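Dropping data.cif in here (mmCIF, C-alpha atoms and all ligand atoms):
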data_model
loop_
_atom_site.label_atom_id
_atom_site.label_comp_id
_atom_site.auth_asym_id
_atom_site.auth_seq_id
_atom_site.Cartn_x
_atom_site.Cartn_y
_atom_site.Cartn_z
CA MET X 1 167.76 105.12 149.27
CA THR X 2 165.74 106.59 146.43
CA LEU X 3 164.10 104.97 143.45
CA THR X 4 166.77 104.51 140.80
CA PRO X 5 167.25 101.87 138.12
CA ALA X 6 169.77 100.19 140.44
CA THR X 7 167.28 100.17 143.34
CA ILE X 8 164.70 98.57 141.09
CA ARG X 9 167.05 95.87 139.87
CA ASP X 10 168.43 95.14 143.36
CA TYR X 11 165.00 94.92 144.96
CA ASP X 12 163.73 92.57 142.27
CA ALA X 13 166.88 90.43 142.38
CA GLN X 14 166.42 89.94 146.13
CA ALA X 15 162.71 89.11 145.99
CA ALA X 16 161.55 85.57 146.71
CA ASP X 17 161.83 83.51 143.55
CA ARG X 18 159.03 81.57 141.93
CA GLU X 19 160.05 78.27 143.54
CA THR X 20 159.31 79.62 147.00
CA THR X 21 156.04 81.42 146.26
CA ASP X 22 152.48 80.10 146.02
CA THR X 23 149.81 81.55 143.78
CA ALA X 24 146.31 82.84 144.57
CA THR X 25 143.65 84.01 142.12
CA PHE X 26 140.67 86.28 142.87
CA GLY X 27 138.01 88.10 140.87
CA LEU X 28 136.98 91.27 142.72
CA GLY X 29 135.48 93.63 140.17
CA CYS X 30 137.62 95.79 137.92
CA PHE X 31 141.05 94.23 138.31
CA TRP X 32 143.00 97.50 138.55
CA GLY X 33 141.93 97.99 142.21
CA PRO X 34 142.80 94.57 143.65
CA ASP X 35 146.07 94.53 141.66
CA ALA X 36 147.08 97.58 143.71
CA ARG X 37 145.60 96.42 147.03
CA PHE X 38 147.33 93.04 146.98
CA GLY X 39 150.54 94.46 145.50
CA ALA X 40 150.88 96.66 148.59
CA MET X 41 150.69 93.73 151.02
CA ASP X 42 153.78 92.36 152.75
CA GLY X 43 154.55 88.91 151.39
CA VAL X 44 152.88 89.50 148.03
CA VAL X 45 155.82 89.21 145.67
CA ARG X 46 154.37 89.44 142.17
CA THR X 47 150.97 90.28 140.72
CA ARG X 48 149.36 90.10 137.30
CA VAL X 49 145.86 90.72 136.04
CA GLY X 50 143.96 88.58 133.58
CA TYR X 51 140.83 86.66 132.80
CA ALA X 52 139.54 83.39 134.24
CA GLY X 53 136.45 81.56 135.37
CA GLY X 54 134.75 81.23 131.99
CA THR X 55 134.61 78.68 129.24
CA THR X 56 135.47 80.59 126.04
CA SER X 57 139.01 80.29 124.72
CA ASP X 58 141.59 83.07 124.55
CA PRO X 59 139.58 85.90 126.10
CA SER X 60 140.71 89.50 125.71
CA TYR X 61 139.40 92.73 127.24
CA HIS X 62 137.19 93.41 124.24
CA ALA X 63 136.21 89.77 123.66
CA LEU X 64 135.79 88.58 127.20
CA GLY X 65 133.21 85.87 126.54
CA ASP X 66 131.98 84.55 129.89
CA HIS X 67 135.25 85.23 131.72
CA THR X 68 135.87 87.48 134.72
CA GLU X 69 138.57 90.05 135.44
CA VAL X 70 140.90 88.51 138.02
CA VAL X 71 144.10 89.32 139.84
CA GLN X 72 146.70 86.64 140.41
CA VAL X 73 149.25 87.05 143.17
CA ASP X 74 152.42 85.11 143.91
CA PHE X 75 152.95 85.23 147.66
CA ASP X 76 155.63 84.05 150.03
CA PRO X 77 153.84 81.73 152.48
CA ALA X 78 156.59 82.38 155.05
CA VAL X 79 155.39 86.02 155.20
CA VAL X 80 151.68 85.99 154.37
CA SER X 81 149.28 83.07 154.37
CA TYR X 82 146.65 82.15 151.82
CA ARG X 83 144.23 82.47 154.71
CA THR X 84 145.14 86.15 155.21
CA LEU X 85 144.64 86.79 151.50
CA VAL X 86 141.19 85.17 151.58
CA GLU X 87 140.32 87.18 154.72
CA THR X 88 141.32 90.34 152.83
CA VAL X 89 138.95 89.35 150.03
CA CYS X 90 136.12 88.84 152.53
CA GLN X 91 136.82 92.21 154.18
CA HIS X 92 136.78 94.22 151.00
CA HIS X 93 134.01 92.57 149.02
CA PRO X 94 130.44 91.84 149.98
CA LEU X 95 129.79 88.12 150.10
CA HIS X 96 126.09 88.53 149.33
CA THR X 97 126.13 90.97 146.44
CA GLN X 98 127.17 89.67 143.07
CA PRO X 99 127.48 91.98 140.05
CA GLN X 100 125.35 90.68 137.19
CA LYS X 101 128.04 91.00 134.55
CA PRO X 102 130.41 88.01 134.60
CA GLN X 103 133.21 90.54 133.90
CA TYR X 104 133.05 91.93 137.44
CA GLN X 105 131.82 89.00 139.48
CA HIS X 106 133.38 88.09 142.80
CA LEU X 107 135.23 84.89 142.34
CA VAL X 108 137.64 82.92 144.51
CA LEU X 109 139.61 80.43 142.46
CA PRO X 110 141.46 77.87 144.59
CA SER X 111 144.08 75.87 142.73
CA THR X 112 144.67 73.15 145.34
CA PRO X 113 142.54 71.15 147.82
CA SER X 114 144.39 72.91 150.62
CA GLN X 115 143.36 76.36 149.30
CA ARG X 116 139.80 75.07 148.97
CA ALA X 117 139.85 73.91 152.62
CA THR X 118 141.22 77.28 153.78
CA ILE X 119 138.39 79.12 152.02
CA GLY X 120 135.92 76.84 153.82
CA ALA X 121 137.59 77.63 157.16
CA VAL X 122 137.52 81.41 156.59
CA LEU X 123 133.85 81.26 155.60
CA ALA X 124 133.03 79.08 158.62
CA ASP X 125 134.56 81.75 160.90
CA LEU X 126 132.13 84.22 159.32
CA GLY X 127 129.21 81.87 159.84
CA GLU X 128 129.04 81.16 156.12
CA THR X 129 129.60 78.26 153.78
CA ALA X 130 130.58 77.99 150.12
CA THR X 131 126.90 77.69 149.25
CA SER X 132 125.56 80.39 151.61
CA VAL X 133 127.59 83.14 149.90
CA ASP X 134 126.97 84.63 146.45
CA THR X 135 130.70 84.89 145.79
CA ARG X 136 131.59 82.12 143.35
CA ILE X 137 134.12 79.60 144.56
CA GLU X 138 135.45 77.51 141.72
CA ARG X 139 138.55 75.51 141.01
CA LEU X 140 140.97 77.53 138.84
CA SER X 141 141.23 75.93 135.42
CA GLN X 142 143.02 78.48 133.27
CA PHE X 143 144.33 82.01 133.75
CA TYR X 144 144.73 84.20 130.66
CA PRO X 145 147.01 87.23 131.21
CA ALA X 146 145.42 90.58 130.31
CA GLU X 147 146.83 93.08 127.85
CA THR X 148 149.99 94.97 128.75
CA TYR X 149 148.21 98.28 129.39
CA HIS X 150 146.14 96.72 132.20
CA GLN X 151 149.18 95.43 134.13
CA LYS X 152 150.14 97.69 137.10
CA TYR X 153 147.58 100.10 135.74
CA ARG X 154 147.85 102.72 138.49
CA LEU X 155 151.63 102.74 138.40
CA ARG X 156 151.55 103.45 134.66
CA SER X 157 150.27 106.95 135.35
CA ALA X 158 153.22 107.73 137.66
CA THR X 159 155.58 109.02 135.00
CA ALA X 160 158.66 109.48 137.18
CA PHE X 161 158.42 105.88 138.41
CA VAL X 162 157.80 104.52 134.92
CA ASP X 163 160.85 106.45 133.69
CA ALA X 164 162.99 104.67 136.28
CA PHE X 165 161.82 101.26 134.99
CA ASP X 166 162.56 102.37 131.43
CA ALA X 167 166.03 103.48 132.51
CA ALA X 168 166.48 100.03 134.10
CA ARG X 169 165.64 98.65 130.63
CA TYR X 170 162.60 96.75 131.83
CA THR X 171 160.43 95.26 129.09
CA ASP X 172 156.62 95.19 129.41
CA GLU X 173 156.91 91.66 130.72
CA ASP X 174 159.63 92.60 133.23
CA PHE X 175 157.43 95.46 134.46
CA ARG X 176 154.40 93.19 134.86
CA ASP X 177 156.41 90.59 136.77
CA SER X 178 158.47 93.03 138.86
CA PRO X 179 158.10 92.72 142.66
CA ILE X 180 158.92 96.40 143.24
CA ALA X 181 156.41 97.41 140.55
CA ALA X 182 153.71 95.43 142.40
CA THR X 183 154.49 97.35 145.60
CA LEU X 184 154.74 100.74 143.90
CA ASN X 185 151.44 100.09 142.13
CA GLY X 186 149.86 99.77 145.57
CA TYR X 187 151.67 102.86 146.81
CA VAL X 188 150.52 105.01 143.89
CA ALA X 189 146.94 103.85 144.58
CA GLY X 190 147.24 105.16 148.16
CA HIS X 191 147.88 101.95 150.09
CA ASN X 192 150.49 101.72 152.83
CA VAL X 193 153.56 99.86 151.72
CA ASN X 194 156.60 98.56 153.49
CA LEU X 195 159.42 99.68 151.21
CA ASP X 196 162.82 100.89 152.32
CA VAL X 197 163.01 103.51 149.57
CA GLU X 198 162.36 107.26 149.78
CA LEU X 199 159.32 108.05 147.70
CA PRO X 200 157.48 111.27 146.86
CA PRO X 201 153.93 111.49 148.27
CA PRO X 202 151.66 109.18 146.28
CA ASP X 203 149.17 111.94 145.47
CA GLN X 204 151.75 113.56 143.19
CA HIS X 205 151.31 110.51 141.01
CA ALA X 206 147.80 109.30 141.56
CA SER X 207 145.52 109.78 138.61
CA GLY X 208 143.16 107.62 136.61
N1 LIG J 1 135.93 100.82 132.11
C1 LIG J 1 136.02 100.95 133.51
C2 LIG J 1 136.61 99.73 134.17
C3 LIG J 1 137.89 99.26 133.58
S1 LIG J 1 138.25 97.78 134.26
C4 LIG J 1 139.68 97.25 133.62
C5 LIG J 1 136.87 102.15 133.84
O1 LIG J 1 137.42 102.76 132.96
O2 LIG J 1 136.96 102.50 135.02
O3 LIG J 1 137.21 96.86 133.83
#

Can you turn what I pasted into structure tokens?
Amino acid sequence: MTLTPATIRDYDAQAADRETTDTATFGLGCFWGPDARFGAMDGVVRTRVGYAGGTTSDPSYHALGDHTEVVQVDFDPAVVSYRTLVETVCQHHPLHTQPQKPQYQHLVLPSTPSQRATIGAVLADLGETATSVDTRIERLSQFYPAETYHQKYRLRSATAFVDAFDAARYTDEDFRDSPIAATLNGYVAGHNVNLDVELPPPDQHASG
């Protein structure tokens, strides 16, 4: 199977729907990178990037206020647990180094008491607590989606793939919310993905 408009539509139609997924939100520096890393993971169904963690209203990339760049992932808990996602965060980001700029701070934003408890358990396994780490752990209040051009940023430079989404008549919103786009965004960034589609080597596409 190769990447065609039909493949795109079929894959997305078969993906877990929003009723069966849970949502996790993390700030891990420039959001392009974690959008790709999480998008590549099995069980991560949809991703989007945006702003959260601050107090100013309606942030945008050029008027961020005190907000932070974050990635939000919808995951299928039957395939990947919130715990695994939090462990991935802890593996790829130092817990004791915090960028000064709020824009790039490391932030874990639980949205339920159960997520909060899981974060505590992961930190305990590392010999840490919510107060021993510099990573901010704060209840998610509001997530503001980022501008279209930041969504699936790496995939946007892979012209042949983007053309296939255009041929499938995907709107900007469809592209942002597309499960196969989340996976391909990870693939283009060089992550291993589990996708039953023949793809050209990612380095033919990787740029930016
Ligand atoms: N301006 C930096 C980071 C962008 S990120 C969305 C760059 O071009 O790499 O903050």

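Of note, atom CA of X:Glu147 and atom C3 of ligand LIG 1 (chain J) are spaced 12.3 Å apart.
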
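Residues of protein, DNA or RNA having any atom at most 9 Å from ligand LIG 1 (chain J), counting all atoms listed in the file, are Gly29, Cys30, Phe31, Trp32, Gly33, Tyr61, Glu69, Gln103, Tyr104, His150, Tyr153 and Gly208 of chain X.
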
Output C-alpha atoms for every residue in the selection just made, as a short mmCIF file (atom, residue, chain, number, x, y, z; two decimals), in the frame of the given file.
data_model
loop_
_atom_site.label_atom_id
_atom_site.label_comp_id
_atom_site.auth_asym_id
_atom_site.auth_seq_id
_atom_site.Cartn_x
_atom_site.Cartn_y
_atom_site.Cartn_z
CA GLY X 29 135.48 93.63 140.17
CA CYS X 30 137.62 95.79 137.92
CA PHE X 31 141.05 94.23 138.31
CA TRP X 32 143.00 97.50 138.55
CA GLY X 33 141.93 97.99 142.21
CA TYR X 61 139.40 92.73 127.24
CA GLU X 69 138.57 90.05 135.44
CA GLN X 103 133.21 90.54 133.90
CA TYR X 104 133.05 91.93 137.44
CA HIS X 150 146.14 96.72 132.20
CA TYR X 153 147.58 100.10 135.74
CA GLY X 208 143.16 107.62 136.61
#

Quick one: residues within 8 Å of stretch 170-176 of chain X, all atoms listed in the file counted, chain neighbours fewer than 5 positions away excluded, as a ChimeraX atom specification?
-> /X:47-48,148,151-152,165,181-182

Could you write out the selected residues, including C-alpha atoms, as a PDB file, keeping the file's coordinate frame?
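Printed below is again22.pdb as written:
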ATOM      1  CA  THR X  47     150.970  90.280 140.720  1.00  0.00           C
ATOM      2  CA  ARG X  48     149.360  90.100 137.300  1.00  0.00           C
ATOM      3  CA  THR X 148     149.990  94.970 128.750  1.00  0.00           C
ATOM      4  CA  GLN X 151     149.180  95.430 134.130  1.00  0.00           C
ATOM      5  CA  LYS X 152     150.140  97.690 137.100  1.00  0.00           C
ATOM      6  CA  PHE X 165     161.820 101.260 134.990  1.00  0.00           C
ATOM      7  CA  ALA X 181     156.410  97.410 140.550  1.00  0.00           C
ATOM      8  CA  ALA X 182     153.710  95.430 142.400  1.00  0.00           C
TER       9      ALA X 182
END

Find, counting all atoms listed in the file, the residue in X:Gly53, X:Leu95, X:Gln105, X:Tyr11 that gets nearest to X:Gly127.
-> X:Leu95

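Proximity of X:Asp166, X:Asp12, X:Glu138, X:Glu87 to X:Leu123, computed with all atoms listed in the file, is greatest for X:Glu87.
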
If you measure from atom CA of X:Ala158 to atom CA of X:Ser178, what distance in Å do you get, rounded to one decimal?
-> 15.7 Å

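Counting from atom CA of X:His191, the distance to atom CA of X:Gly50 is 21.6 Å.
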
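Comparing X:Ile119, X:Ala24, X:Val133, X:Leu85 by their smallest distance to X:Val73, the closest is X:Ala24 (using only C-alpha atoms).
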
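Summary of the local environment: counting only C-alpha atoms, residues at most 9 Å from X:Thr4, other than itself and those fewer than 4 positions away along its chain, are Ile8, Arg9, Phe161, Ala164, Phe165, Ala167 and Ala168 of chain X.
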
Write the selection just made, keeping C-alpha atoms, as a CSV table (one decimal), in the frame of the given file?
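Heads up, here's the output in result27.csv:
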chain,number,residue,atom,x,y,z
X,8,ILE,CA,164.7,98.6,141.1
X,9,ARG,CA,167.0,95.9,139.9
X,161,PHE,CA,158.4,105.9,138.4
X,164,ALA,CA,163.0,104.7,136.3
X,165,PHE,CA,161.8,101.3,135.0
X,167,ALA,CA,166.0,103.5,132.5
X,168,ALA,CA,166.5,100.0,134.1

Enclose stretch 91-106 of chain X, meaning all of its atoms listed in the file, in a box aligned along x, y and z, pad it by 8 Å on each side, and list the centre and edge lengths in Å to one decimal, as JSON.
{"center_x": 131.1, "center_y": 91.1, "center_z": 144.0, "size_x": 27.5, "size_y": 22.2, "size_z": 36.3}

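Minimum atom-to-atom distances from X:Pro179, X:Ser141, X:Arg156, X:Val193 to X:Val45 were compared using only C-alpha atoms, and the lowest value belongs to X:Pro179.
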